[in-house]
>>> print(open('run-v4.txt').read())   # compact mmCIF, C-alpha atoms
# COMPACT_ATOMS: atom_id res chain seq x y z
CA MET T 70 -23.40 45.50 40.71
CA PRO T 71 -24.47 41.99 39.61
CA ASP T 72 -21.95 39.43 38.44
CA GLU T 73 -21.48 40.04 34.71
CA THR T 74 -20.78 36.42 33.84
CA GLN T 75 -24.08 35.31 35.31
CA ASP T 76 -25.93 38.15 33.58
CA VAL T 77 -24.41 37.29 30.20
CA ALA T 78 -25.29 33.61 30.52
CA PHE T 79 -28.83 34.55 31.48
CA LEU T 80 -29.25 37.14 28.77
CA LEU T 81 -27.95 34.96 25.96
CA VAL T 82 -30.52 32.24 26.53
CA ARG T 83 -33.51 34.46 27.24
CA ALA T 84 -35.49 35.83 24.32
CA THR T 85 -37.80 38.83 24.71
CA GLN T 86 -41.53 39.10 24.06
CA ALA T 87 -40.61 40.77 20.77
CA SER T 88 -38.54 37.70 19.87
CA TYR T 89 -41.46 35.37 20.35
CA ALA T 90 -43.82 37.70 18.50
CA VAL T 91 -41.54 37.61 15.45
CA LEU T 92 -41.15 33.85 15.78
CA ALA T 93 -44.92 33.35 15.94
CA ALA T 94 -45.45 35.59 12.90
CA CYS T 95 -42.70 33.83 10.92
CA THR T 96 -44.03 30.39 11.84
CA LEU T 97 -47.56 31.35 10.81
CA SER T 98 -46.38 32.98 7.59
CA HIS T 99 -44.18 29.98 6.72
CA PHE T 100 -47.09 27.65 7.44
CA MET T 101 -49.29 29.53 4.98
CA ASN T 102 -46.44 29.93 2.47
CA HIS T 103 -46.08 26.17 2.11
CA ILE T 104 -49.80 25.53 2.07
CA TYR T 105 -50.10 27.87 -0.91
CA THR T 106 -47.00 26.79 -2.83
CA GLY T 107 -48.08 23.17 -2.36
CA ALA T 108 -51.82 23.70 -2.78
CA LEU T 109 -51.96 22.19 -6.28
CA SER T 110 -49.93 19.14 -5.29
CA PRO T 111 -52.87 16.90 -4.23
CA PHE T 112 -54.70 17.73 -7.46
CA LEU T 113 -51.92 17.32 -10.05
CA GLU T 114 -53.09 13.91 -11.25
CA ILE T 115 -56.64 15.26 -11.73
CA ILE T 116 -55.32 18.37 -13.48
CA GLN T 117 -53.14 16.23 -15.75
CA THR T 118 -56.17 14.16 -16.75
CA GLU T 119 -58.48 17.17 -17.22
CA LEU T 120 -55.99 19.14 -19.32
CA GLY T 121 -54.50 16.13 -21.14
CA ILE T 122 -50.89 17.18 -20.50
CA ASN T 123 -47.68 15.21 -19.91
CA TYR T 124 -45.32 15.07 -16.92
CA THR T 125 -43.15 17.88 -18.27
CA LEU T 126 -46.05 20.35 -18.38
CA ILE T 127 -47.15 19.19 -14.94
CA GLY T 128 -43.59 20.04 -13.87
CA VAL T 129 -43.97 23.49 -15.44
CA ILE T 130 -47.12 24.12 -13.41
CA ALA T 131 -45.43 22.89 -10.22
CA SER T 132 -42.35 25.02 -10.92
CA ALA T 133 -44.08 28.23 -11.96
CA ALA T 134 -44.73 29.58 -8.46
CA ILE T 135 -41.32 28.52 -7.16
CA ALA T 136 -39.49 30.01 -10.16
CA ALA T 137 -41.30 33.33 -9.82
CA MET T 138 -40.71 33.38 -6.08
CA THR T 139 -37.02 32.64 -6.65
CA ALA T 140 -36.70 35.45 -9.20
CA ALA T 141 -38.26 37.94 -6.77
CA HIS T 142 -36.19 36.94 -3.72
CA LEU T 143 -33.14 39.06 -4.54
CA LEU T 144 -35.23 42.24 -4.80
CA VAL T 145 -37.12 41.34 -1.63
CA GLY T 146 -33.85 40.82 0.25
CA TYR T 147 -32.51 44.17 -0.96
CA LEU T 148 -35.70 45.99 0.04
CA GLY T 149 -35.68 44.17 3.37
CA ASP T 150 -32.35 45.81 4.21
CA LYS T 151 -33.99 49.14 3.37
CA GLY T 152 -36.63 48.73 6.08
CA TYR T 153 -39.48 46.75 4.49
CA ARG T 154 -38.65 43.39 6.08
CA ASP T 155 -41.38 43.29 8.72
CA ALA T 156 -44.07 44.25 6.21
CA PHE T 157 -43.04 41.51 3.77
CA ILE T 158 -43.47 38.74 6.37
CA SER T 159 -47.19 39.39 6.83
CA ILE T 160 -48.09 40.73 3.38
CA SER T 161 -46.73 37.57 1.75
CA ILE T 162 -49.73 35.69 3.20
CA LEU T 163 -52.18 38.11 1.62
CA GLY T 164 -50.43 38.06 -1.76
CA ALA T 165 -50.36 34.26 -1.86
CA ALA T 166 -54.02 34.03 -0.87
CA LEU T 167 -55.09 36.38 -3.68
CA ALA T 168 -53.06 34.45 -6.26
CA THR T 169 -54.51 31.12 -5.07
CA LEU T 170 -58.01 32.53 -5.47
CA MET T 171 -57.12 33.56 -9.04
CA THR T 172 -55.71 30.08 -9.73
CA SER T 173 -59.04 28.53 -8.80
CA PHE T 174 -60.62 30.22 -11.84
CA ALA T 175 -58.02 28.97 -14.35
CA THR T 176 -59.46 26.78 -17.11
CA ASP T 177 -56.37 25.86 -19.16
CA PHE T 178 -52.65 25.27 -18.86
CA VAL T 179 -51.61 28.82 -19.80
CA PHE T 180 -53.77 30.63 -17.26
CA LEU T 181 -53.02 28.06 -14.58
CA THR T 182 -49.30 28.69 -15.09
CA ILE T 183 -49.69 32.48 -15.16
CA PHE T 184 -51.63 32.53 -11.90
CA GLN T 185 -49.01 30.28 -10.32
CA VAL T 186 -46.41 32.88 -11.33
CA PHE T 187 -48.53 35.46 -9.50
CA LEU T 188 -48.54 33.11 -6.51
CA GLY T 189 -44.75 33.01 -6.49
CA ILE T 190 -44.51 36.80 -6.59
CA GLY T 191 -47.09 37.15 -3.82
CA ALA T 192 -45.35 34.61 -1.59
CA SER T 193 -41.81 35.88 -2.25
CA GLY T 194 -41.74 38.26 0.70
CA TYR T 195 -41.31 35.55 3.31
CA HIS T 196 -38.00 33.68 3.00
CA PRO T 197 -35.46 36.53 2.53
CA SER T 198 -37.18 38.49 5.31
CA SER T 199 -37.76 35.89 8.00
CA PHE T 200 -34.22 34.69 8.64
CA PRO T 201 -32.69 38.16 9.16
CA ALA T 202 -35.69 39.05 11.34
CA LEU T 203 -35.08 36.00 13.53
CA THR T 204 -31.34 36.72 13.60
CA GLU T 205 -32.07 40.17 15.00
CA LYS T 206 -34.35 38.84 17.73
CA PHE T 207 -32.67 35.61 18.89
CA PRO T 208 -29.17 35.01 20.31
CA LYS T 209 -27.02 32.47 18.55
CA SER T 210 -27.47 29.98 21.40
CA ASP T 211 -31.16 29.75 20.44
CA ARG T 212 -30.75 30.17 16.70
CA ALA T 213 -31.39 26.61 15.52
CA LYS T 214 -34.41 26.32 17.82
CA ALA T 215 -35.87 29.58 16.48
CA THR T 216 -35.21 28.82 12.82
CA GLY T 217 -36.25 25.23 13.45
CA ILE T 218 -39.61 26.26 14.89
CA GLN T 219 -40.38 28.49 11.90
CA ALA T 220 -39.22 25.66 9.62
CA MET T 221 -41.66 23.36 11.41
CA GLY T 222 -44.40 25.82 10.54
CA GLY T 223 -43.56 25.40 6.87
CA LEU T 224 -43.27 21.64 7.13
CA LEU T 225 -46.55 21.44 9.02
CA GLY T 226 -48.11 23.36 6.15
CA LEU T 227 -46.62 20.84 3.71
CA ALA T 228 -47.74 17.90 5.84
CA ILE T 229 -51.38 18.91 6.12
CA THR T 230 -51.74 20.13 2.53
CA PRO T 231 -52.19 16.64 1.00
CA ILE T 232 -54.82 15.69 3.60
CA LEU T 233 -56.45 19.12 3.51
CA GLY T 234 -56.56 19.00 -0.28
CA VAL T 235 -58.15 15.57 -0.60
CA THR T 236 -60.58 16.32 2.25
CA LEU T 237 -61.74 19.51 0.57
CA LEU T 238 -61.92 17.65 -2.74
CA VAL T 239 -64.29 15.09 -1.23
CA VAL T 240 -66.39 17.80 0.46
CA THR T 241 -66.54 20.35 -2.36
CA GLY T 242 -66.32 18.01 -5.35
CA SER T 243 -63.69 19.96 -7.33
CA TRP T 244 -60.11 21.16 -7.02
CA GLN T 245 -61.21 24.69 -7.95
CA ALA T 246 -63.60 24.97 -5.00
CA SER T 247 -60.96 23.45 -2.73
CA LEU T 248 -58.50 26.20 -3.70
CA GLN T 249 -61.11 28.85 -2.97
CA VAL T 250 -61.53 27.58 0.59
CA ILE T 251 -57.74 27.55 1.05
CA ALA T 252 -57.54 31.12 -0.28
CA VAL T 253 -60.07 32.36 2.28
CA LEU T 254 -57.91 30.86 5.04
CA GLY T 255 -55.09 33.22 4.06
CA PHE T 256 -57.27 36.32 4.35
CA VAL T 257 -58.00 35.29 7.93
CA MET T 258 -54.39 34.42 8.88
CA PHE T 259 -53.01 37.67 7.50
CA VAL T 260 -54.51 39.63 10.42
CA PRO T 261 -52.69 37.93 13.34
CA ALA T 262 -49.41 37.89 11.38
CA LEU T 263 -49.68 41.64 10.80
CA PHE T 264 -50.49 42.25 14.47
CA LEU T 265 -47.55 40.15 15.71
CA MET T 266 -45.02 41.94 13.50
CA ARG T 267 -46.27 45.35 14.60
CA TYR T 268 -46.15 44.25 18.23
CA SER T 269 -42.54 43.08 17.85
CA SER T 270 -41.49 46.39 16.31
CA ALA T 271 -42.74 48.29 19.35
CA LYS T 272 -40.69 46.22 21.84
CA PRO T 273 -37.05 47.09 22.72
CA ASN T 274 -34.22 44.56 22.74
CA GLU T 275 -32.64 45.38 26.11
CA THR T 276 -31.42 41.84 26.70
CA TRP T 277 -29.01 41.60 23.78
CA THR T 278 -25.26 41.78 24.10
CA ILE T 279 -23.66 44.30 21.78
CA ASP T 280 -21.32 41.62 20.38
CA GLU T 281 -24.26 39.37 19.58
CA MET T 282 -26.00 42.13 17.69
CA SER T 283 -22.97 42.52 15.43
CA GLU T 284 -22.21 38.83 14.94
CA GLY T 285 -21.48 37.24 11.61
CA PRO T 286 -18.57 37.47 9.18
CA GLU T 287 -17.51 40.84 7.83
CA GLY T 288 -17.53 39.74 4.21
CA TRP T 289 -18.51 37.00 1.78
CA THR T 290 -16.84 33.77 2.87
CA ARG T 291 -16.34 30.36 1.26
CA ASN T 292 -18.89 28.96 3.71
CA PHE T 293 -21.50 31.38 2.36
CA TRP T 294 -20.99 30.34 -1.27
CA LEU T 295 -21.00 26.67 -0.32
CA ALA T 296 -24.26 27.32 1.54
CA ILE T 297 -25.77 28.61 -1.72
CA VAL T 298 -24.65 25.48 -3.59
CA LEU T 299 -26.03 23.29 -0.81
CA MET T 300 -29.29 25.22 -0.93
CA GLY T 301 -29.61 24.43 -4.63
CA LEU T 302 -28.93 20.73 -4.22
CA ARG T 303 -31.17 20.26 -1.18
CA GLY T 304 -33.85 22.43 -2.77
CA THR T 305 -33.95 20.21 -5.86
CA ALA T 306 -34.93 17.18 -3.82
CA PHE T 307 -37.10 19.21 -1.46
CA ARG T 308 -39.36 20.59 -4.19
CA CYS T 309 -39.78 17.30 -6.01
CA ILE T 310 -40.38 15.26 -2.86
CA SER T 311 -42.87 17.70 -1.36
CA LEU T 312 -44.75 18.68 -4.54
CA LEU T 313 -44.66 15.57 -6.74
CA MET T 314 -44.74 12.67 -4.27
CA PRO T 315 -48.57 12.29 -4.45
CA LEU T 316 -48.42 12.11 -8.26
CA TYR T 317 -45.50 9.66 -8.11
CA LEU T 318 -47.34 7.36 -5.69
CA VAL T 319 -50.49 7.36 -7.84
CA VAL T 320 -48.62 6.56 -11.05
CA THR T 321 -45.91 4.19 -9.77
CA TYR T 322 -47.60 2.39 -6.88
CA GLY T 323 -51.22 2.62 -8.06
CA ALA T 324 -52.35 4.49 -4.94
CA SER T 325 -55.63 6.38 -4.98
CA ILE T 326 -55.50 10.17 -4.71
CA VAL T 327 -56.63 9.93 -1.08
CA SER T 328 -54.09 7.22 -0.22
CA ALA T 329 -51.28 9.13 -1.93
CA GLY T 330 -52.19 12.21 0.07
CA VAL T 331 -52.15 10.26 3.32
CA LEU T 332 -48.81 8.59 2.52
CA THR T 333 -47.25 11.94 1.66
CA ALA T 334 -48.58 13.38 4.92
CA VAL T 335 -47.02 10.46 6.82
CA MET T 336 -43.65 11.19 5.20
CA LEU T 337 -43.84 14.90 6.01
CA THR T 338 -45.00 14.22 9.57
CA ALA T 339 -41.85 12.13 10.05
CA GLY T 340 -39.98 15.14 8.71
CA PHE T 341 -41.64 17.29 11.35
CA VAL T 342 -40.26 14.95 14.03
CA GLY T 343 -36.82 15.16 12.43
CA GLU T 344 -36.93 18.95 12.57
CA VAL T 345 -37.87 18.88 16.25
CA VAL T 346 -34.93 16.58 17.02
CA CYS T 347 -32.45 18.73 15.10
CA SER T 348 -33.76 22.00 16.54
CA ILE T 349 -32.94 20.78 20.04
CA LEU T 350 -29.71 18.89 19.42
CA SER T 351 -28.09 21.28 16.93
CA ASP T 352 -28.06 24.13 19.46
CA ARG T 353 -27.14 21.87 22.37
CA LEU T 354 -24.20 20.34 20.48
CA HIS T 355 -23.25 23.60 18.70
CA ASN T 356 -23.21 21.62 15.48
CA ARG T 357 -24.79 22.36 12.11
CA VAL T 358 -22.63 20.56 9.55
CA GLY T 359 -22.89 17.12 11.15
CA PHE T 360 -26.67 17.18 10.89
CA LEU T 361 -26.46 18.25 7.24
CA ILE T 362 -24.17 15.33 6.42
CA ILE T 363 -26.37 12.81 8.23
CA SER T 364 -29.52 14.29 6.67
CA THR T 365 -28.85 13.70 2.99
CA GLY T 366 -26.32 10.94 3.66
CA LEU T 367 -29.08 8.68 5.00
CA ALA T 368 -31.96 10.04 2.91
CA THR T 369 -30.13 9.23 -0.34
CA PRO T 370 -30.27 5.40 -0.14
CA ALA T 371 -33.85 5.57 1.12
CA ILE T 372 -34.91 7.59 -1.93
CA LEU T 373 -33.17 5.06 -4.18
CA LEU T 374 -35.19 2.23 -2.61
CA LEU T 375 -38.41 3.77 -4.00
CA ASN T 376 -37.43 2.21 -7.34
CA PHE T 377 -37.64 -1.35 -5.98
CA ALA T 378 -41.44 -1.98 -6.10
CA LEU T 379 -41.81 -1.95 -2.32
CA GLU T 380 -44.55 -3.76 -0.45
CA PRO T 381 -47.06 -1.43 1.29
CA MET T 382 -45.57 -1.65 4.80
CA MET T 383 -42.01 -1.31 3.49
CA LEU T 384 -43.10 1.68 1.38
CA ILE T 385 -44.50 3.39 4.47
CA LEU T 386 -41.27 2.69 6.37
CA ILE T 387 -39.10 4.08 3.57
CA LEU T 388 -41.26 7.21 3.29
CA ILE T 389 -40.87 7.74 7.05
CA ILE T 390 -37.08 7.37 6.75
CA ILE T 391 -36.96 9.80 3.82
CA GLY T 392 -39.06 12.35 5.67
CA PHE T 393 -37.23 12.08 9.00
CA PHE T 394 -33.67 12.23 7.72
CA PHE T 395 -34.13 14.72 4.87
CA TYR T 396 -35.90 17.24 7.08
CA LEU T 397 -33.51 16.55 9.96
CA GLY T 398 -31.14 18.89 8.15
CA VAL T 399 -33.55 21.80 7.74
CA PRO T 400 -33.07 23.60 11.11
CA ALA T 401 -29.29 23.12 10.94
CA ASN T 402 -29.23 24.44 7.38
CA SER T 403 -31.33 27.47 8.29
CA ALA T 404 -29.19 28.27 11.34
CA LEU T 405 -25.99 27.86 9.31
CA GLN T 406 -27.28 30.32 6.72
CA THR T 407 -27.81 32.98 9.39
CA GLU T 408 -24.28 32.41 10.70
CA VAL T 409 -22.43 32.58 7.37
CA SER T 410 -24.28 35.66 6.07
CA PRO T 411 -22.32 38.95 6.23
CA ARG T 412 -23.42 40.93 9.26
CA ARG T 413 -24.02 44.18 7.35
CA SER T 414 -25.90 42.68 4.41
CA GLN T 415 -28.08 39.90 5.77
CA GLY T 416 -31.12 40.84 3.70
CA LEU T 417 -29.07 40.84 0.50
CA ALA T 418 -27.37 37.60 1.58
CA PHE T 419 -30.68 35.83 2.05
CA GLY T 420 -31.90 37.32 -1.19
CA LEU T 421 -28.94 35.61 -2.88
CA ILE T 422 -29.54 32.35 -1.00
CA PHE T 423 -33.22 32.26 -1.86
CA SER T 424 -32.75 33.43 -5.46
CA PHE T 425 -29.60 31.92 -6.98
CA GLY T 426 -29.54 29.17 -4.36
CA SER T 427 -33.15 28.30 -5.12
CA ILE T 428 -32.94 28.21 -8.92
CA PRO T 429 -32.25 24.44 -9.09
CA GLY T 430 -35.19 23.76 -6.79
CA ALA T 431 -37.39 26.07 -8.82
CA VAL T 432 -36.82 24.19 -12.08
CA SER T 433 -36.40 20.71 -10.60
CA PRO T 434 -40.07 19.67 -11.04
CA ILE T 435 -39.72 20.42 -14.77
CA ILE T 436 -36.54 18.33 -14.95
CA PHE T 437 -38.19 15.57 -12.92
CA GLY T 438 -41.19 15.56 -15.28
CA PHE T 439 -39.08 15.70 -18.45
CA ILE T 440 -36.94 12.77 -17.31
CA GLY T 441 -40.13 10.90 -16.45
CA ASP T 442 -41.58 11.50 -19.91
CA VAL T 443 -38.41 10.40 -21.71
CA TYR T 444 -36.99 7.65 -19.49
CA GLY T 445 -39.72 6.86 -16.96
CA LEU T 446 -40.27 7.91 -13.35
CA PRO T 447 -37.61 5.51 -11.96
CA ALA T 448 -35.05 7.65 -13.82
CA SER T 449 -36.57 10.73 -12.19
CA ILE T 450 -35.95 9.14 -8.80
CA LEU T 451 -32.31 8.54 -9.78
CA PHE T 452 -32.08 12.27 -10.55
CA LEU T 453 -33.05 13.00 -6.94
CA VAL T 454 -30.57 10.42 -5.66
CA VAL T 455 -27.74 12.18 -7.51
CA THR T 456 -28.67 15.60 -6.10
CA THR T 457 -28.92 14.41 -2.49
CA PHE T 458 -25.61 12.55 -2.83
CA LEU T 459 -23.95 15.73 -4.13
CA ALA T 460 -25.51 17.68 -1.26
CA THR T 461 -23.78 15.32 1.15
CA VAL T 462 -20.45 15.88 -0.61
CA VAL T 463 -20.83 19.67 -0.42
CA ALA T 464 -21.76 19.48 3.27
CA LEU T 465 -18.46 17.70 3.94
CA PHE T 466 -16.62 20.88 2.90
CA LEU T 467 -18.58 23.19 5.22
CA LYS T 468 -17.19 24.24 8.59
CA ASP T 469 -19.09 25.01 11.77
CA ASP T 470 -18.48 28.36 13.43
CA ARG T 471 -16.51 27.50 16.58
CA SER T 472 -15.80 31.09 17.57
CA TYR T 473 -19.02 31.63 19.50
CA LYS T 474 -18.39 32.67 23.10
CA ALA T 475 -20.43 34.52 25.68
CA LYS T 476 -19.37 38.16 25.71
CA MET T 477 -18.96 40.38 28.71
CA HIS T 478 -20.31 43.65 27.41
CA ILE T 479 -24.04 43.94 28.02
CA ALA T 480 -26.32 46.47 26.38
CA MET T 481 -27.88 48.24 29.34
CA PRO T 482 -31.39 49.75 29.18
CA GLY T 483 -31.19 53.02 27.29
CA GLU T 484 -27.88 52.17 25.59
CA VAL T 485 -27.90 52.39 21.81
CA VAL T 486 -27.35 49.01 20.15
CA PRO T 487 -26.54 49.03 16.41
CA ASN T 488 -28.58 46.92 14.05
CA PRO T 489 -26.72 44.16 12.20
>>> encode(input="run-v4.txt", output="structure tokens")
Amino acid sequence: MPDETQDVAFLLVRATQASYAVLAACTLSHFMNHIYTGALSPFLEIIQTELGINYTLIGVIASAAIAAMTAAHLLVGYLGDKGYRDAFISISILGAALATLMTSFATDFVFLTIFQVFLGIGASGYHPSSFPALTEKFPKSDRAKATGIQAMGGLLGLAITPILGVTLLVVTGSWQASLQVIAVLGFVMFVPALFLMRYSSAKPNETWTIDEMSEGPEGWTRNFWLAIVLMGLRGTAFRCISLLMPLYLVVTYGASIVSAGVLTAVMLTAGFVGEVVCSILSDRLHNRVGFLIISTGLATPAILLLNFALEPMMLILILIIIGFFFYLGVPANSALQTEVSPRRSQGLAFGLIFSFGSIPGAVSPIIFGFIGDVYGLPASILFLVVTTFLATVVALFLKDDRSYKAKMHIAMPGEVVPNP
């Protein structure tokens, strides 16, 4: 009989092949999700000029997909608990690709907005499904790394979208043709995502502990509701920074469309590094809340500095600081959400997080644009400063779960292990 303590320590840090298959599928799906929801971002200044619309209507276009996706998340989370979770993760790529193809044929504001709504519905299957899927496949000791890796997939999608967009614009000559190329990419990526999810479903989870499989609070805690508020505040800044930064740089700093795309990519690449750092340290230090406080606590003054007519090198430095510290909190936030969600209703919990918690982020581009039309874009930046400051305040009231301990009861091969 092997020593149980050694077995538990080994089993808690070792993920199965099924774990990595789900992680690969989630990372790929998140990558494509953010490419599609950000696909219009590099072209917004061109679209504004072609359609003759103001910042508020640009905000409506940027918000349409996110608002529709947010509205659909609660239903997706509910259906995920009913057994459709794995299918949603891969099908969301296909739905988003089809909607992006439709968007490329839009010729006015109304149809452009409608097709972006379709995009949000098509892409809505990912977020409420991926986190419970990762929770089922990874022990808590690896949770921030797993959620961090899938988050990096999304951020990598965000980071390359500005460069991909302007490159395709130069090659194809129009934003419509650029979107068509991006849509075709989704039809291709759907196949490996589908294969990976099916592969993971066929693999058993012999290496889990029974206690790990049933982890999480029994009911709806204060931490959970605070996590929803934090999601709304962080999401407000996230959507505006990731979707509207190219437009902001063109209008405020006189950058060309290509330069604005490159600068935005630099910012998001710094965010990628921040996510890598947090993914490693958050698990090692068993700390989520500290990273959330540091994240928006240091990003807030950096965002404010955008209003001070920065010189080119200083602008690049500030964008790097914004990207690194804001996205430093993403893996910790994702891991915290898995840990505060009720163990018996994780799909519904993430449906709530990515619906009600995402409403502020869904409408924030409209608010950003409206403030810009009425008071100027510097006032829009102040709007983001307020939201990130409030996110820091909310994070101060969160508490890390300190109850995690290695358990002694191991699920042996052939033993029935209940699903969370």
>>> residues_near_point(input="run-v4.txt", point="(-55.8, 17.3, -13.1)", cutoff="12 Å", atoms="all atoms listed in the file", output="number ranges by chain")
T: 109-124, 126-127, 130, 175-178, 181, 243-245, 316, 326
>>> residues_around(input="run-v4.txt", residues="Phe394 (chain T)", least_positions_apart="5", cutoff="8 Å", atoms="all atoms listed in the file", output="count of residues only")
7
>>> atom_distance(input="run-v4.txt", atom1="CA of Pro231 (chain T)", atom2="CA of Gly323 (chain T)")
16.7 Å
>>> closest_residue(input="run-v4.txt", among="T:Lys206, T:His142, T:Lys214, T:Arg154", to="Gly191 (chain T)", atoms="only C-alpha atoms")
T:His142
>>> closest_residue(input="run-v4.txt", among="T:Leu170, T:Cys347, T:Val320, T:Ala156", to="Gly445 (chain T)", atoms="only C-alpha atoms")
T:Val320
